[in-house]
Amino acid sequence: MLSGPRLILRQMGEHDLPDLYAILSDPLVMRHWSHPPLASPADAAWYFANLEAGRRLRTFWQWGVVVRDEDAVIGTVSLFAVDAARRRAELGYAIASARWRRGHASEAVRLAIAHASGALGLRTLLADVDPRNAASCRLLDRLGFHCTEQRHTGRCVDGVPVPSALYVLQTHMPDRPR
């Protein structure tokens, strides 16, 4: 569990599946993701099972974002494709559209970055973003990520190819020679 001033990031359980489904089935939330909105609660159960498998293998960490003194999951933050040898991982996040523009994504991602660079010892975080997602691009810029390239990955949204922007954060800069 990770705690911030207003939010808690906690491991999700099966009781969180309705909240997870509500977030990942929302077309507004999912319009810039690499896969379409979840189609059914069964899809959320399948997604959750894969999260649990990744957690056991220590290659996928996903937390439910919860507002203090509430129990409902209002979003998720993930570290995935964790490469312990290279000390890097990819970062992903989603916040329920009803909770946008309240600073929840910023606080949740900051908590994940602190955990990644601290307890997990990761030094590089990557975020693959649809560059049309201006809010996400601004958030990553504010948190110190740098857009290193834009490319076409073959990913399509509603049958239309969309570009991808790769953002990188170096969480630890090596000591400079004295």
# chains A, B, ... in the order shown; residues from 1 in each chain; ligands from 1

call {"tool": "residues_around", "arguments": {"residues": "stretch 78-90 of chain A", "least_positions_apart": "5", "cutoff": "7 Å", "atoms": "only C-alpha atoms", "output": "PyMOL selection string"}}
result
chain A and resi 59-63+121-127

call {"tool": "residues_around", "arguments": {"residues": "A:Ser3", "least_positions_apart": "6", "cutoff": "12 Å", "atoms": "only C-alpha atoms", "output": "ChimeraX atom specification"}}
result
/A:9-10,63-68,107-112,114-115

call {"tool": "select_by_dssp", "arguments": {"residues": "stretch 99-132 of chain A", "states": "strand (DSSP E or B)", "output": "list in words"}}
result
Thr124, Leu125, Leu126, Ala127, Asp128 and Val129 of chain A

call {"tool": "closest_residue", "arguments": {"among": "A:His152, A:Arg132, A:His104, A:His172", "to": "A:Ile8", "atoms": "only C-alpha atoms"}}
result
A:His104

call {"tool": "residues_around", "arguments": {"residues": "A:Ala105", "least_positions_apart": "3", "cutoff": "10 Å", "atoms": "only C-alpha atoms", "output": "compact mmCIF listing (two decimals) with N, CA, C and O atoms, in the first residue's frame"}}
result
# COMPACT_ATOMS: atom_id res chain seq x y z
N LEU A 7 -4.64 10.38 -1.46
CA LEU A 7 -4.91 9.09 -2.08
C LEU A 7 -4.16 7.95 -1.41
O LEU A 7 -3.12 8.16 -0.79
N VAL A 65 -6.44 3.00 -7.22
CA VAL A 65 -6.34 4.35 -6.66
C VAL A 65 -7.63 4.59 -5.87
O VAL A 65 -8.73 4.48 -6.41
N GLY A 75 -9.41 4.59 -9.96
CA GLY A 75 -8.43 4.52 -11.04
C GLY A 75 -7.41 3.44 -10.76
O GLY A 75 -7.51 2.72 -9.76
N THR A 76 -6.45 3.35 -11.66
CA THR A 76 -5.38 2.39 -11.50
C THR A 76 -4.06 3.05 -11.90
O THR A 76 -4.03 3.98 -12.70
N VAL A 77 -2.98 2.56 -11.32
CA VAL A 77 -1.63 2.92 -11.72
C VAL A 77 -0.86 1.62 -11.82
O VAL A 77 -0.96 0.76 -10.93
N TYR A 93 -1.59 4.41 -16.39
CA TYR A 93 -2.53 4.90 -15.39
C TYR A 93 -3.85 5.23 -16.06
O TYR A 93 -3.91 5.52 -17.25
N ALA A 94 -4.90 5.15 -15.27
CA ALA A 94 -6.24 5.52 -15.73
C ALA A 94 -7.02 5.99 -14.52
O ALA A 94 -6.95 5.38 -13.45
N ILE A 95 -7.75 7.06 -14.70
CA ILE A 95 -8.62 7.59 -13.65
C ILE A 95 -10.03 7.67 -14.21
O ILE A 95 -10.23 8.06 -15.37
N ALA A 96 -11.02 7.30 -13.40
CA ALA A 96 -12.42 7.37 -13.83
C ALA A 96 -12.72 8.77 -14.34
O ALA A 96 -12.33 9.77 -13.72
N ARG A 99 -13.79 11.64 -12.24
CA ARG A 99 -12.81 12.17 -11.27
C ARG A 99 -11.68 12.96 -11.94
O ARG A 99 -10.70 13.31 -11.27
N TRP A 100 -11.77 13.22 -13.23
CA TRP A 100 -10.72 13.96 -13.92
C TRP A 100 -10.63 15.39 -13.41
O TRP A 100 -11.57 15.94 -12.86
N ARG A 101 -9.46 15.97 -13.63
CA ARG A 101 -9.15 17.38 -13.33
C ARG A 101 -9.20 17.71 -11.83
O ARG A 101 -9.54 18.82 -11.44
N ARG A 102 -8.83 16.74 -11.03
CA ARG A 102 -8.78 16.95 -9.57
C ARG A 102 -7.39 16.66 -9.01
O ARG A 102 -7.21 16.63 -7.80
N ALA A 108 -1.25 10.06 -7.86
CA ALA A 108 -1.09 8.60 -7.98
C ALA A 108 0.19 8.25 -8.72
O ALA A 108 0.94 7.36 -8.29
N VAL A 109 0.48 8.95 -9.80
CA VAL A 109 1.69 8.65 -10.57
C VAL A 109 2.94 9.02 -9.77
O VAL A 109 3.93 8.29 -9.78
N ARG A 110 2.88 10.13 -9.03
CA ARG A 110 4.02 10.48 -8.17
C ARG A 110 4.31 9.38 -7.15
O ARG A 110 5.46 9.04 -6.89
N LEU A 111 3.26 8.83 -6.55
CA LEU A 111 3.45 7.73 -5.58
C LEU A 111 4.08 6.52 -6.25
O LEU A 111 4.98 5.89 -5.69
N SER A 136 -2.56 13.84 -20.65
CA SER A 136 -1.55 12.88 -20.20
C SER A 136 -0.15 13.36 -20.57
O SER A 136 0.78 13.25 -19.76
N LEU A 139 0.81 16.00 -18.08
CA LEU A 139 1.12 15.40 -16.78
C LEU A 139 2.54 14.82 -16.79
O LEU A 139 3.32 15.09 -15.87

call {"tool": "select_by_dssp", "arguments": {"residues": "chain A", "states": "helix (DSSP H, G or I)", "output": "PyMOL selection string"}}
result
chain A and resi 14-24+27-30+41-57+97-99+104-117+134-142

call {"tool": "atom_distance", "arguments": {"atom1": "atom CA of A:Asn133", "atom2": "atom CA of A:Gly159"}}
result
17.6 Å

call {"tool": "atom_distance", "arguments": {"atom1": "atom CA of A:Gln11", "atom2": "atom CA of A:Gly54"}}
result
12.8 Å

call {"tool": "closest_residue", "arguments": {"among": "A:Leu166, A:Leu38, A:Ala49, A:Ile74", "to": "A:Asp26", "atoms": "only C-alpha atoms"}}
result
A:Leu38
